[in-house]
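Down below is the structure, laid out as structure tokens.
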Amino acid sequence: MPVDIEEFEITSHKKVSTGIVGLDYQLGGGLPEGCITVIQGSAISGIEKIAEQFWKADEKITGSDDSWYLISDNNPSVGMTPVTPDEMGDALSEMHGKRYVVDSLSGVILNCGVDAAISLIKNNAGMITQDGGNILFLLYDDVHSPADEIAVIRYADIYIHLIEERHGNEIERKMEIGKIKNANVPSRLFPYNITEEGIDLSTTARVV
């Protein structure tokens, strides 16, 4: 086992795979069952690839397809469910499954306001997690005020930020796990790459 991977525990809850082996490892086995996750990043950070890997994780692991991908910000791929931002809450209430992606929370904030986004997290997502489901919200960089970002992140059980740094003609990508409810947060950034298959999280780590 590599010695440069930081290990930490979340809780004794049953874990749900993120669909990314390296991220599951850093989260002590995956996401706790029944949690709200907010992932923030730019449109070219790989944020949508992470969302798709999470969405399809059960299909790859067990062959089941008990998941939903609600999309309002882009043209839907096969299997995704197109909804308008103001329909997002009603759509979540009518769907039954174990994995949900909302692409995106930014669309809800921009079209309906931050209070609508908070209501979506507290009420609709809250009902999903009470039944053991997991929901992933996408939040885009450089779109919202810091106050609006803080307001929605407060209600997340897990918050992950994708960071890009440009050094000359190279882009360095790093993942920050900034919040884990009822658990220690790692003091490290985790380098990752974007591949054709999805996100490849490196096993090396950098101290913040």
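Residues are named by chain letter and number: chains run A, B, ... in the order of the structure tokens, numbers start at 1 in each chain, and ligands are numbered from 1 in the order shown.
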
Margin query: Please extract the residues of segment 31-207 of chain A with a backbone DSSP assignment of strand (DSSP E) and present them as number ranges by chain.
Written below: A: 31-32, 36-41, 67-71, 81-82, 99-103, 134-140, 158-167, 170-180, 188-194, 199-201, 206-207

Notebook entry, point to check: What's the 6 Å shell around segment 23-34 of chain A, counting only C-alpha atoms, without same-chain residues fewer than 3 positions away, as a VMD selection string?
Noted result: chain A and resid 9 13 to 18 20 129 132 to 134

Item checked: Counting only C-alpha atoms, the residue of A:Val38, A:Leu70, A:Val83, A:Met95 that sits nearest Ile180 of chain A ->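 That would be A:Val38, the residue with the smallest distance to Ile180 of chain A.
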
Notebook entry, point to check: Got a sec: who's within 10 Å of Val108 of chain A, counting only C-alpha atoms, leaving out chain neighbours fewer than 6 positions off, as a PyMOL selection string?
Noted result: chain A and resi 72-73+84-89+102+114-118+120+139

Notebook entry, point to check: So which residues of segment 138-202 of chain A fall under helix (DSSP H, G or I) by DSSP, listed as a VMD selection string?
Noted result: chain A and resid 146 to 153

Check: Between A:Val101, A:Gly46, A:His96, A:Ile39, which is the closest to Thr81 of chain A once you count only C-alpha atoms?
Finding: A:Val101

Where does segment 18-127 of chain A meet segment 154-158 of chain A within 8 Å, residue by residue, with the nearest atom pair and distance in Å to one decimal for each, counting only C-alpha atoms, listed by chain and rising number, as a Markdown table?
| residue | atom | partner | partner_atom | distance |
| --- | --- | --- | --- | --- |
| A:Cys35 | CA | A:Asp157 | CA | 5.9 |
| A:Ile36 | CA | A:Asp157 | CA | 5.2 |
| A:Thr37 | CA | A:Ile158 | CA | 4.7 |
| A:Val38 | CA | A:Ala156 | CA | 6.1 |
| A:Ile118 | CA | A:Tyr155 | CA | 7.7 |
| A:Ile121 | CA | A:Tyr155 | CA | 7.0 |
| A:Lys122 | CA | A:Tyr155 | CA | 7.1 |

Next item on the list: Using atom CA of Lys179 of chain A and atom CA of Ile160 of chain A as the two end points, give the distance in Å to one decimal.
Entry: 7.1 Å

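Here atom CA of Ile171 of chain A and atom CA of Val21 of chain A stand 22.6 Å from one another.
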
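If you look at atom CA of Gly198 of chain A and atom CA of Trp68 of chain A, they are 18.5 Å away from each other.
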
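Distance annotation: of A:Pro82, A:Gly41, A:Gly19, A:Gly107, the residue with the minimal separation from Glu176 of chain A is A:Gly41; atom set is only C-alpha atoms.
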
Near segment 52-59 of chain A, 12 Å: segment 106-139 of chain A residue rows, closest pairs, only C-alpha atoms, as a tab-separated table:
residue	atom	partner	partner_atom	distance
A:Asn134	CA	A:Phe54	CA	9.9
A:Ile135	CA	A:Trp55	CA	9.5
A:Leu136	CA	A:Phe54	CA	8.2
A:Phe137	CA	A:Phe54	CA	11.2
A:Leu138	CA	A:Glu52	CA	11.2
